[in-house]
$ cat upload.cif   # mmCIF, C-alpha atoms and all ligand atoms
data_my_file
#
loop_
_atom_site.label_atom_id
_atom_site.label_comp_id
_atom_site.auth_asym_id
_atom_site.auth_seq_id
_atom_site.Cartn_x
_atom_site.Cartn_y
_atom_site.Cartn_z
CA MET A 1 -11.93 -10.91 -13.69
CA VAL A 2 -11.92 -8.78 -16.83
CA ILE A 3 -9.11 -6.32 -17.52
CA GLY A 4 -9.84 -3.35 -19.79
CA LYS A 5 -7.05 -3.80 -22.31
CA ASN A 6 -8.91 -2.18 -25.16
CA ARG A 7 -9.50 1.20 -23.65
CA GLU A 8 -7.38 4.19 -22.76
CA THR A 9 -7.89 4.15 -18.99
CA LYS A 10 -4.72 2.86 -17.38
CA LEU A 11 -2.51 2.94 -14.34
CA VAL A 12 0.96 3.70 -15.64
CA VAL A 13 3.60 2.43 -13.24
CA ASN A 14 7.14 3.74 -13.43
CA LEU A 15 9.27 0.91 -12.04
CA GLN A 16 12.34 3.15 -11.97
CA ALA A 17 10.58 5.23 -9.32
CA ILE A 18 10.19 2.10 -7.18
CA THR A 19 13.91 1.41 -7.60
CA ASP A 20 14.80 5.02 -6.79
CA ASN A 21 12.65 5.12 -3.65
CA ILE A 22 14.19 1.87 -2.44
CA GLN A 23 17.71 3.08 -3.09
CA HIS A 24 17.07 6.38 -1.33
CA GLU A 25 15.70 4.49 1.67
CA ARG A 26 18.63 2.03 1.56
CA ALA A 27 20.99 4.97 1.69
CA ILE A 28 19.65 6.07 5.09
CA LEU A 29 19.72 2.53 6.52
CA THR A 30 22.82 1.01 8.05
CA ASP A 31 24.18 -2.10 6.32
CA ASP A 32 22.92 -4.45 9.04
CA VAL A 33 19.29 -3.49 8.37
CA GLU A 34 17.46 -5.52 5.73
CA MET A 35 14.50 -4.27 3.77
CA PHE A 36 11.38 -6.36 3.11
CA ALA A 37 9.22 -4.74 0.43
CA VAL A 38 5.52 -4.73 1.31
CA VAL A 39 3.59 -5.85 -1.77
CA LYS A 40 0.25 -6.76 -0.20
CA ALA A 41 -3.02 -5.77 -1.89
CA ASN A 42 -1.60 -6.23 -5.38
CA GLY A 43 1.43 -4.13 -4.55
CA TYR A 44 -0.76 -1.29 -3.21
CA GLY A 45 -2.58 -1.50 -6.53
CA HIS A 46 0.61 -1.27 -8.62
CA GLY A 47 0.87 -5.00 -9.49
CA ILE A 48 2.22 -7.53 -7.00
CA LEU A 49 4.64 -9.47 -9.19
CA GLU A 50 6.13 -6.52 -11.07
CA ILE A 51 6.72 -4.62 -7.84
CA ALA A 52 8.12 -7.67 -6.05
CA GLN A 53 10.61 -8.36 -8.83
CA THR A 54 11.62 -4.70 -9.07
CA ALA A 55 12.04 -4.37 -5.31
CA LEU A 56 14.18 -7.49 -5.04
CA ALA A 57 16.37 -6.29 -7.89
CA ALA A 58 16.70 -2.89 -6.22
CA GLY A 59 17.95 -4.15 -2.87
CA ALA A 60 15.02 -5.54 -0.90
CA THR A 61 15.92 -8.95 0.52
CA GLY A 62 12.40 -10.16 1.29
CA LEU A 63 8.73 -9.44 0.81
CA CYS A 64 5.73 -8.90 3.05
CA VAL A 65 2.15 -9.66 2.05
CA ALA A 66 -1.12 -9.60 3.95
CA ILE A 67 -2.57 -13.01 3.12
CA LEU A 68 -1.24 -16.46 2.33
CA ASP A 69 -2.62 -16.50 -1.20
CA GLU A 70 -0.53 -13.46 -2.10
CA ALA A 71 2.57 -15.27 -0.87
CA LEU A 72 1.65 -18.44 -2.77
CA SER A 73 1.15 -16.46 -5.97
CA LEU A 74 4.66 -15.03 -5.61
CA ARG A 75 6.12 -18.50 -5.03
CA LYS A 76 4.21 -19.80 -8.05
CA ALA A 77 5.76 -17.01 -10.12
CA GLY A 78 9.19 -18.29 -9.12
CA ILE A 79 10.13 -15.88 -6.35
CA THR A 80 12.41 -17.60 -3.86
CA ALA A 81 13.13 -14.68 -1.50
CA PRO A 82 11.78 -14.83 2.08
CA ILE A 83 8.09 -13.90 2.24
CA LEU A 84 6.25 -12.99 5.42
CA VAL A 85 2.46 -13.02 5.69
CA LEU A 86 1.58 -10.13 8.01
CA GLY A 87 -1.99 -11.10 8.82
CA ILE A 88 -3.19 -14.12 10.78
CA THR A 89 -3.48 -17.30 8.72
CA SER A 90 -5.78 -19.99 10.03
CA PRO A 91 -3.80 -23.02 11.34
CA ALA A 92 -5.82 -25.10 8.86
CA PHE A 93 -4.01 -23.39 5.96
CA ALA A 94 -0.63 -23.02 7.60
CA THR A 95 0.74 -26.37 6.39
CA LEU A 96 0.60 -24.93 2.88
CA ALA A 97 2.82 -22.10 4.05
CA ALA A 98 5.30 -24.45 5.72
CA ASP A 99 5.68 -26.54 2.58
CA ALA A 100 6.07 -23.45 0.39
CA GLY A 101 8.70 -21.97 2.72
CA ILE A 102 6.52 -18.98 3.59
CA SER A 103 6.79 -17.30 7.00
CA LEU A 104 3.63 -16.72 8.98
CA THR A 105 2.73 -14.22 11.65
CA VAL A 106 1.60 -15.81 14.90
CA GLY A 107 -0.13 -13.86 17.66
CA SER A 108 -1.09 -16.41 20.27
CA VAL A 109 -0.03 -19.56 22.09
CA ASP A 110 -3.32 -21.21 21.10
CA TRP A 111 -2.46 -20.80 17.46
CA LEU A 112 0.85 -22.64 17.88
CA GLN A 113 -0.83 -25.50 19.75
CA ASP A 114 -3.64 -25.72 17.22
CA TYR A 115 -1.12 -25.90 14.37
CA ALA A 116 1.04 -28.48 16.15
CA ASP A 117 -2.04 -30.67 16.69
CA GLN A 118 -3.07 -30.82 13.06
CA THR A 119 -0.14 -30.17 10.73
CA THR A 120 1.14 -32.67 8.20
CA ALA A 121 3.90 -30.36 6.96
CA LYS A 122 7.10 -31.86 5.61
CA GLN A 123 9.12 -28.85 6.69
CA PRO A 124 9.23 -26.66 9.79
CA LEU A 125 6.92 -23.65 9.66
CA SER A 126 8.77 -20.35 9.75
CA VAL A 127 7.17 -18.11 12.38
CA HIS A 128 7.37 -14.42 13.20
CA LEU A 129 5.76 -13.53 16.52
CA ALA A 130 3.60 -10.43 16.45
CA ILE A 131 3.83 -8.35 19.61
CA ASP A 132 0.89 -6.05 20.27
CA THR A 133 2.44 -3.02 21.92
CA GLY A 134 -0.54 -0.74 21.40
CA MET A 135 -1.78 -1.15 17.85
CA GLY A 136 -4.53 -3.32 19.33
CA ARG A 137 -4.84 -5.45 16.22
CA ILE A 138 -2.99 -8.77 16.54
CA GLY A 139 -0.24 -10.16 18.69
CA PHE A 140 1.00 -11.04 22.15
CA ARG A 141 0.23 -8.59 24.93
CA HIS A 142 1.73 -10.42 27.92
CA SER A 143 5.29 -11.55 28.61
CA GLU A 144 4.18 -14.92 30.06
CA ASP A 145 2.58 -15.73 26.70
CA VAL A 146 5.68 -14.63 24.82
CA LYS A 147 7.74 -16.96 26.99
CA GLN A 148 5.36 -19.86 26.44
CA ALA A 149 5.42 -19.24 22.68
CA GLU A 150 9.22 -19.31 22.68
CA THR A 151 9.12 -22.70 24.43
CA LEU A 152 6.66 -24.13 21.90
CA LEU A 153 8.69 -22.73 19.02
CA ALA A 154 11.66 -24.86 20.08
CA SER A 155 9.80 -27.86 18.57
CA ASP A 156 10.97 -29.31 15.23
CA LEU A 157 7.65 -28.25 13.78
CA PHE A 158 8.76 -24.64 13.86
CA SER A 159 11.54 -22.35 12.89
CA PHE A 160 11.42 -19.21 15.05
CA ASP A 161 12.60 -16.59 12.58
CA GLY A 162 11.23 -13.25 13.64
CA VAL A 163 9.60 -11.02 16.19
CA PHE A 164 7.93 -7.73 15.38
CA THR A 165 5.51 -5.02 16.32
CA HIS A 166 3.57 -2.35 14.48
CA PHE A 167 3.14 1.28 15.53
CA ALA A 168 -0.19 3.05 15.48
CA THR A 169 1.08 6.63 15.36
CA ALA A 170 4.50 6.60 13.67
CA ASP A 171 3.09 9.02 11.07
CA GLN A 172 2.04 11.66 13.59
CA THR A 173 3.92 14.64 14.95
CA ASP A 174 3.04 13.81 18.56
CA THR A 175 5.43 11.00 19.50
CA LYS A 176 4.07 10.21 22.98
CA TYR A 177 2.08 7.12 22.01
CA PHE A 178 4.94 5.91 19.82
CA GLU A 179 7.35 6.13 22.74
CA GLN A 180 4.92 4.29 24.97
CA GLN A 181 4.64 1.50 22.39
CA PHE A 182 8.40 1.32 22.08
CA LYS A 183 8.76 0.91 25.82
CA THR A 184 6.19 -1.90 25.81
CA TRP A 185 8.11 -3.51 22.94
CA GLN A 186 11.28 -3.55 25.00
CA GLN A 187 9.45 -5.04 27.97
CA LEU A 188 7.70 -7.78 25.99
CA THR A 189 10.71 -8.79 23.90
CA GLY A 190 12.75 -8.82 27.10
CA ALA A 191 10.82 -12.02 27.92
CA LEU A 192 12.60 -13.87 25.11
CA VAL A 193 15.66 -15.93 26.02
CA GLN A 194 17.07 -15.43 22.55
CA LEU A 195 16.07 -13.02 19.80
CA PRO A 196 15.32 -14.60 16.41
CA LYS A 197 17.03 -13.64 13.15
CA TYR A 198 14.61 -10.85 12.27
CA VAL A 199 13.65 -8.18 14.77
CA HIS A 200 11.48 -5.60 13.05
CA ILE A 201 9.37 -2.67 14.12
CA SER A 202 9.39 -0.28 11.17
CA ASN A 203 6.77 0.43 8.59
CA SER A 204 7.48 3.32 6.18
CA ALA A 205 6.62 6.03 8.70
CA THR A 206 8.82 4.54 11.42
CA SER A 207 11.72 4.22 9.00
CA LEU A 208 11.31 7.84 7.85
CA TRP A 209 10.81 9.54 11.17
CA HIS A 210 12.00 7.16 13.90
CA LEU A 211 14.95 5.51 12.20
CA PRO A 212 17.31 5.25 15.19
CA VAL A 213 15.08 2.67 16.93
CA THR A 214 14.72 0.37 13.93
CA GLY A 215 15.57 -3.32 14.44
CA ASN A 216 17.43 -5.27 11.78
CA MET A 217 14.74 -5.27 9.10
CA ILE A 218 12.16 -2.75 7.90
CA ARG A 219 8.80 -3.43 6.30
CA PHE A 220 8.84 -0.84 3.57
CA GLY A 221 5.41 -0.16 2.13
CA VAL A 222 3.73 3.01 0.96
CA THR A 223 6.94 5.03 0.66
CA MET A 224 8.38 2.52 -1.80
CA TYR A 225 5.50 3.60 -4.05
CA GLY A 226 6.55 7.23 -3.57
CA LEU A 227 3.83 8.26 -1.16
CA ASN A 228 4.05 10.04 2.17
CA PRO A 229 2.65 7.76 4.88
CA SER A 230 1.43 10.76 6.85
CA GLY A 231 -0.50 12.22 3.91
CA VAL A 232 0.05 15.94 4.49
CA ALA A 233 0.72 15.84 8.25
CA ILE A 234 4.53 15.62 8.14
CA GLU A 235 6.19 17.23 5.17
CA GLU A 236 9.83 16.85 6.17
CA LEU A 237 11.29 13.76 4.56
CA PRO A 238 14.85 12.41 4.55
CA TYR A 239 14.74 12.19 0.75
CA GLN A 240 12.40 13.14 -2.04
CA LEU A 241 9.70 10.61 -2.85
CA GLU A 242 8.92 9.70 -6.43
CA PRO A 243 5.31 8.60 -6.90
CA ALA A 244 5.39 5.51 -9.11
CA ALA A 245 1.86 5.52 -10.48
CA GLU A 246 -0.09 7.79 -12.79
CA LEU A 247 -3.76 7.23 -13.44
CA GLU A 248 -4.72 8.42 -16.88
CA THR A 249 -7.35 8.20 -19.55
CA GLN A 250 -8.56 10.13 -22.60
CA LEU A 251 -11.56 12.16 -23.61
CA VAL A 252 -13.93 9.82 -25.43
CA PHE A 253 -16.78 12.24 -26.05
CA VAL A 254 -16.88 16.03 -26.28
CA LYS A 255 -19.92 18.28 -26.68
CA GLN A 256 -21.15 21.77 -26.00
CA ILE A 257 -24.16 22.24 -23.73
CA PRO A 258 -26.21 25.41 -23.36
CA ALA A 259 -26.55 27.42 -20.15
CA GLY A 260 -29.14 25.73 -17.94
CA ALA A 261 -28.42 22.18 -19.15
CA SER A 262 -27.55 19.65 -16.46
CA VAL A 263 -25.00 16.84 -16.23
CA SER A 264 -25.10 13.34 -14.73
CA TYR A 265 -27.24 11.50 -12.16
CA GLY A 266 -29.34 13.67 -9.94
CA ALA A 267 -28.76 16.64 -12.25
CA THR A 268 -26.57 18.11 -9.52
CA TYR A 269 -24.57 20.24 -11.95
CA THR A 270 -26.11 22.83 -14.23
CA ALA A 271 -24.12 24.85 -16.77
CA LYS A 272 -24.07 28.57 -16.02
CA THR A 273 -23.09 29.52 -19.56
CA ASP A 274 -22.62 27.56 -22.74
CA GLU A 275 -19.96 25.04 -21.80
CA TRP A 276 -17.75 22.39 -23.35
CA ILE A 277 -18.12 19.09 -21.54
CA GLY A 278 -15.83 16.10 -21.99
CA THR A 279 -16.64 12.54 -20.97
CA VAL A 280 -13.93 10.16 -19.72
CA PRO A 281 -14.19 6.36 -19.38
CA ILE A 282 -13.42 5.97 -15.71
CA GLY A 283 -15.74 5.87 -12.74
CA TYR A 284 -16.17 4.54 -9.26
CA ALA A 285 -16.10 0.93 -10.47
CA ASP A 286 -12.54 1.65 -11.60
CA GLY A 287 -11.77 2.83 -8.09
CA TYR A 288 -12.05 6.55 -8.65
CA PRO A 289 -14.20 7.68 -5.70
CA ARG A 290 -17.78 8.69 -6.38
CA CYS A 291 -17.42 11.71 -4.12
CA MET A 292 -14.94 13.47 -6.43
CA GLN A 293 -17.48 15.80 -8.06
CA GLY A 294 -16.01 19.33 -7.82
CA PHE A 295 -12.39 18.10 -7.79
CA HIS A 296 -10.28 18.33 -10.94
CA VAL A 297 -8.24 16.40 -13.49
CA LEU A 298 -5.46 17.64 -15.76
CA ILE A 299 -6.03 18.27 -19.45
CA ASP A 300 -3.59 20.15 -21.66
CA GLY A 301 -1.60 21.11 -18.55
CA GLN A 302 -4.59 22.72 -16.81
CA GLN A 303 -6.90 21.78 -13.95
CA CYS A 304 -10.40 21.02 -15.24
CA GLU A 305 -13.35 20.47 -12.92
CA ILE A 306 -15.20 17.20 -12.57
CA VAL A 307 -18.83 18.19 -13.08
CA GLY A 308 -21.87 16.19 -12.06
CA ARG A 309 -21.76 12.97 -10.14
CA VAL A 310 -19.06 10.44 -10.92
CA CYS A 311 -20.84 7.46 -12.51
CA MET A 312 -19.86 3.81 -12.24
CA ASP A 313 -17.82 3.76 -15.46
CA GLN A 314 -17.72 7.34 -16.74
CA MET A 315 -17.61 10.91 -15.58
CA MET A 316 -17.76 14.37 -17.06
CA ILE A 317 -15.27 17.23 -17.09
CA ARG A 318 -15.83 20.91 -17.87
CA LEU A 319 -13.37 21.98 -20.54
CA PRO A 320 -12.06 25.52 -21.04
CA LYS A 321 -12.56 25.08 -24.79
CA GLN A 322 -13.25 22.38 -27.30
CA TYR A 323 -10.79 19.50 -27.19
CA GLN A 324 -10.57 16.57 -29.56
CA THR A 325 -11.56 13.13 -28.38
CA GLY A 326 -8.34 11.26 -27.64
CA THR A 327 -6.93 14.15 -25.63
CA LYS A 328 -5.02 12.85 -22.62
CA VAL A 329 -6.63 13.24 -19.19
CA THR A 330 -4.57 12.77 -16.02
CA LEU A 331 -6.39 11.88 -12.79
CA ILE A 332 -3.27 11.13 -10.75
CA GLY A 333 0.08 12.30 -12.06
CA HIS A 334 1.45 15.38 -13.72
CA GLN A 335 1.06 17.45 -16.84
CA GLY A 336 3.41 20.36 -17.41
CA ASN A 337 3.90 22.03 -14.05
CA GLN A 338 0.62 20.74 -12.64
CA THR A 339 0.51 17.69 -10.37
CA ILE A 340 -2.29 15.73 -8.75
CA GLY A 341 -1.00 13.30 -6.15
CA ALA A 342 -2.83 10.28 -4.78
CA THR A 343 -2.68 12.25 -1.53
CA ASP A 344 -4.59 15.16 -3.14
CA VAL A 345 -7.32 12.81 -4.31
CA ALA A 346 -7.36 11.23 -0.85
CA GLU A 347 -7.63 14.57 0.94
CA TYR A 348 -10.61 15.53 -1.21
CA ALA A 349 -12.22 12.13 -0.71
CA GLY A 350 -11.66 12.24 3.05
CA THR A 351 -9.36 9.24 3.10
CA ILE A 352 -5.66 8.33 2.80
CA ASN A 353 -3.42 7.77 -0.24
CA TYR A 354 -3.21 4.07 0.67
CA GLU A 355 -6.93 3.64 0.11
CA ILE A 356 -6.89 5.54 -3.18
CA MET A 357 -4.12 3.35 -4.61
CA THR A 358 -5.43 0.03 -3.34
CA SER A 359 -8.86 0.89 -4.69
CA VAL A 360 -7.75 1.14 -8.32
CA ALA A 361 -9.82 -1.70 -9.71
CA GLU A 362 -8.45 -4.84 -11.32
CA ARG A 363 -10.23 -3.87 -14.51
CA VAL A 364 -7.89 -0.87 -14.94
CA GLN A 365 -4.98 -2.16 -16.97
CA ARG A 366 -1.52 -1.66 -15.51
CA VAL A 367 1.15 -0.48 -17.91
CA TYR A 368 4.83 -0.57 -16.91
CA ARG A 369 7.58 1.67 -18.08
C1 LIG A 401 0.92 -2.83 5.71
C2 LIG A 401 1.90 -3.02 6.78
C3 LIG A 401 3.17 -2.43 6.69
C4 LIG A 401 3.54 -1.44 5.62
O1 LIG A 401 3.09 -0.17 6.04
P1 LIG A 401 3.46 1.16 5.24
O2 LIG A 401 2.84 2.21 6.08
O3 LIG A 401 2.80 1.04 3.90
O4 LIG A 401 4.92 1.22 5.15
C5 LIG A 401 4.11 -2.75 7.65
N1 LIG A 401 3.81 -3.59 8.66
C6 LIG A 401 2.59 -4.15 8.80
C7 LIG A 401 2.34 -5.06 9.95
C8 LIG A 401 1.60 -3.88 7.87
O5 LIG A 401 0.39 -4.43 8.02
#
$ encode --input "upload.cif" --output "structure tokens" --more "lines below"
Ligand SMILES: *Cc1c(COP(=O)(O)O)cnc(C)c1O
Amino acid sequence: MVIGKNRETKLVVNLQAITDNIQHERAILTDDVEMFAVVKANGYGHGILEIAQTALAAGATGLCVAILDEALSLRKAGITAPILVLGITSPAFATLAADAGISLTVGSVDWLQDYADQTTAKQPLSVHLAIDTGMGRIGFRHSEDVKQAETLLASDLFSFDGVFTHFATADQTDTKYFEQQFKTWQQLTGALVQLPKYVHISNSATSLWHLPVTGNMIRFGVTMYGLNPSGVAIEELPYQLEPAAELETQLVFVKQIPAGASVSYGATYTAKTDEWIGTVPIGYADGYPRCMQGFHVLIDGQQCEIVGRVCMDQMMIRLPKQYQTGTKVTLIGHQGNQTIGATDVAEYAGTINYEIMTSVAERVQRVYR
């Protein structure tokens, strides 16, 4: 992996914004509710270790990741807080988790038996049972299986530490499906003789818009980064979100082209008059979507159109006048009173802010302030 340290394209991450978002969320939670910061996918592109450390210092008491290797990298960096892997880890790798004190998500009785048959772990494996109440992704769907899992978890091989579910529509205005899932959750967890330490059902959206039903821990993801989990669907928020990341670069080449001259692959853009065109060193290989032709960036406090196709490593911008190379260009962030949010980029690209942020390539250097 090569990081572009000697160029001006960077993702600038404001760690204070992470702290502020966590503290604002903490303020709406009751004291008995813990927060696990979700730092999967390189901290939603922001940098896994920096975000994990900031979140723990700001009041999170644990971390969630998607895959075991993310958890191991946090342990290797010295993080001792509880870490939960949200995805399914193969039983063949689970001994590593047990010995590193990492909690795994388990979604079937077979998994527990398979692990018990092969593990050589020196410590009990910490398990959170996933309950599939309607997400249809992973987890137990029948109370008999939940009961059987609880019996198996009584073995010395395991420490039964959590039970959770995940909502499919917590970010939508229609709450019918959410309520149906919640009812199923109550039925399926009713099969347990004793609830484990952590009972958790909230992602960001659930914690923002369905707070009263939260268990005793929330899995706080996209909103910690200052983004609205619903995109633009629900604008009312219990507190103001502070986006933590700005994606910026500089003009590296500026020229004037005559009317009739074309720009970029496919010659899909042709100048109508004599125009100033700036080139910036960022493209789809940096994670900026190829479909962004016609959208805009900010230069000198103004919106400037992306003209011609976005290339792999570069793209072109129409400038209102001649600007010097080295002029700052903001792709996500603000200049003066103009703002481009990750959600704006996502709306234009036909996706969600999560995908925009997690797509920022490893080669884009992260800078923290
Ligand atoms: C990714 C994930 C989260 C975090 O979701 P946000 O919408 O970013 O808050 C929570 N729970 C599970 C199971 C996840 O996979």
$ closest_atom_pairs --input "upload.cif" --of "stretch 69-141 of chain A" --to "stretch 191-200 of chain A" --cutoff "10 Å" --atoms "all atoms listed in the file" --output "Markdown table"
| residue | atom | partner | partner_atom | distance |
| --- | --- | --- | --- | --- |
| A:Val127 | CA | A:Pro196 | CA | 9.7 |
| A:His128 | CA | A:Tyr198 | CA | 8.1 |
| A:Leu129 | CA | A:Pro196 | CA | 9.6 |
| A:Ala130 | CA | A:His200 | CA | 9.8 |
$ residues_near_ligand --input "upload.cif" --ligand "ligand LIG 401 (chain A)" --cutoff "9 Å" --atoms "all atoms listed in the file" --output "PDB file with C-alpha atoms, in the frame of the given file"
ATOM      1  CA  ALA A  37       9.220  -4.740   0.430  1.00  0.00           C
ATOM      2  CA  VAL A  38       5.520  -4.730   1.310  1.00  0.00           C
ATOM      3  CA  VAL A  39       3.590  -5.850  -1.770  1.00  0.00           C
ATOM      4  CA  LYS A  40       0.250  -6.760  -0.200  1.00  0.00           C
ATOM      5  CA  TYR A  44      -0.760  -1.290  -3.210  1.00  0.00           C
ATOM      6  CA  CYS A  64       5.730  -8.900   3.050  1.00  0.00           C
ATOM      7  CA  VAL A  65       2.150  -9.660   2.050  1.00  0.00           C
ATOM      8  CA  ALA A  66      -1.120  -9.600   3.950  1.00  0.00           C
ATOM      9  CA  LEU A  86       1.580 -10.130   8.010  1.00  0.00           C
ATOM     10  CA  GLY A  87      -1.990 -11.100   8.820  1.00  0.00           C
ATOM     11  CA  ALA A 130       3.600 -10.430  16.450  1.00  0.00           C
ATOM     12  CA  PHE A 164       7.930  -7.730  15.380  1.00  0.00           C
ATOM     13  CA  THR A 165       5.510  -5.020  16.320  1.00  0.00           C
ATOM     14  CA  HIS A 166       3.570  -2.350  14.480  1.00  0.00           C
ATOM     15  CA  PHE A 167       3.140   1.280  15.530  1.00  0.00           C
ATOM     16  CA  ALA A 170       4.500   6.600  13.670  1.00  0.00           C
ATOM     17  CA  ASP A 171       3.090   9.020  11.070  1.00  0.00           C
ATOM     18  CA  ILE A 201       9.370  -2.670  14.120  1.00  0.00           C
ATOM     19  CA  SER A 202       9.390  -0.280  11.170  1.00  0.00           C
ATOM     20  CA  ASN A 203       6.770   0.430   8.590  1.00  0.00           C
ATOM     21  CA  SER A 204       7.480   3.320   6.180  1.00  0.00           C
ATOM     22  CA  ALA A 205       6.620   6.030   8.700  1.00  0.00           C
ATOM     23  CA  THR A 206       8.820   4.540  11.420  1.00  0.00           C
ATOM     24  CA  SER A 207      11.720   4.220   9.000  1.00  0.00           C
ATOM     25  CA  ILE A 218      12.160  -2.750   7.900  1.00  0.00           C
ATOM     26  CA  ARG A 219       8.800  -3.430   6.300  1.00  0.00           C
ATOM     27  CA  PHE A 220       8.840  -0.840   3.570  1.00  0.00           C
ATOM     28  CA  GLY A 221       5.410  -0.160   2.130  1.00  0.00           C
ATOM     29  CA  VAL A 222       3.730   3.010   0.960  1.00  0.00           C
ATOM     30  CA  THR A 223       6.940   5.030   0.660  1.00  0.00           C
ATOM     31  CA  MET A 224       8.380   2.520  -1.800  1.00  0.00           C
ATOM     32  CA  TYR A 225       5.500   3.600  -4.050  1.00  0.00           C
ATOM     33  CA  LEU A 227       3.830   8.260  -1.160  1.00  0.00           C
ATOM     34  CA  ASN A 228       4.050  10.040   2.170  1.00  0.00           C
ATOM     35  CA  PRO A 229       2.650   7.760   4.880  1.00  0.00           C
ATOM     36  CA  SER A 230       1.430  10.760   6.850  1.00  0.00           C
ATOM     37  CA  TYR A 354      -3.210   4.070   0.670  1.00  0.00           C
TER      38      TYR A 354
END
$ atom_distance --input "upload.cif" --atom1 "atom CA of A:Glu150" --atom2 "atom CA of A:Asp117"
17.1 Å
$ closest_residue --input "upload.cif" --among "A:Ile138, A:Ala267, A:Ala168, A:Leu63" --to "A:Thr80" --atoms "all atoms listed in the file"
A:Leu63
$ atom_distance --input "upload.cif" --atom1 "atom CA of A:His210" --atom2 "atom CA of A:Thr89"
29.4 Å
$ closest_residue --input "upload.cif" --among "A:Phe140, A:Tyr284, A:Phe253, A:Trp185" --to "A:Thr327" --atoms "all atoms listed in the file"
A:Phe253
$ closest_residue --input "upload.cif" --among "A:Arg369, A:Glu362, A:Val307, A:Val345" --to "A:Lys5" --atoms "only C-alpha atoms"
A:Glu362
$ closest_residue --input "upload.cif" --among "A:Asp132, A:Asn337, A:Pro281, A:Gly308" --to "A:Ala261" --atoms "only C-alpha atoms"
A:Gly308
$ build_atoms --input "upload.cif" --residues "stretch 129-143 of chain A" --atoms "N, CA and C atoms" --output "compact mmCIF listing (two decimals), in the frame of the given file"
# COMPACT_ATOMS: atom_id res chain seq x y z
N LEU A 129 6.73 -13.87 15.47
CA LEU A 129 5.76 -13.53 16.52
C LEU A 129 5.38 -12.06 16.43
N ALA A 130 4.09 -11.81 16.41
CA ALA A 130 3.60 -10.43 16.45
C ALA A 130 3.42 -10.03 17.91
N ILE A 131 3.96 -8.87 18.25
CA ILE A 131 3.83 -8.35 19.61
C ILE A 131 2.92 -7.12 19.54
N ASP A 132 1.83 -7.18 20.27
CA ASP A 132 0.89 -6.05 20.27
C ASP A 132 1.28 -5.07 21.37
N THR A 133 1.94 -4.00 20.94
CA THR A 133 2.44 -3.02 21.92
C THR A 133 1.52 -1.80 22.02
N GLY A 134 0.38 -1.88 21.32
CA GLY A 134 -0.54 -0.74 21.40
C GLY A 134 -1.31 -0.49 20.12
N MET A 135 -0.99 -1.24 19.07
CA MET A 135 -1.78 -1.15 17.85
C MET A 135 -3.18 -1.74 18.11
N GLY A 136 -3.23 -2.74 18.98
CA GLY A 136 -4.53 -3.32 19.33
C GLY A 136 -5.14 -4.13 18.22
N ARG A 137 -4.31 -4.72 17.37
CA ARG A 137 -4.84 -5.45 16.22
C ARG A 137 -4.58 -6.94 16.38
N ILE A 138 -3.33 -7.37 16.32
CA ILE A 138 -2.99 -8.77 16.54
C ILE A 138 -1.69 -8.84 17.35
N GLY A 139 -1.53 -9.93 18.05
CA GLY A 139 -0.24 -10.16 18.69
C GLY A 139 -0.31 -10.37 20.19
N PHE A 140 0.85 -10.75 20.73
CA PHE A 140 1.00 -11.04 22.15
C PHE A 140 1.02 -9.75 22.95
N ARG A 141 0.30 -9.77 24.07
CA ARG A 141 0.23 -8.59 24.93
C ARG A 141 0.84 -8.83 26.31
N HIS A 142 1.21 -10.10 26.59
CA HIS A 142 1.73 -10.42 27.92
C HIS A 142 3.03 -11.21 27.83
N SER A 143 3.98 -10.88 28.70
CA SER A 143 5.29 -11.55 28.61
C SER A 143 5.21 -13.04 28.91
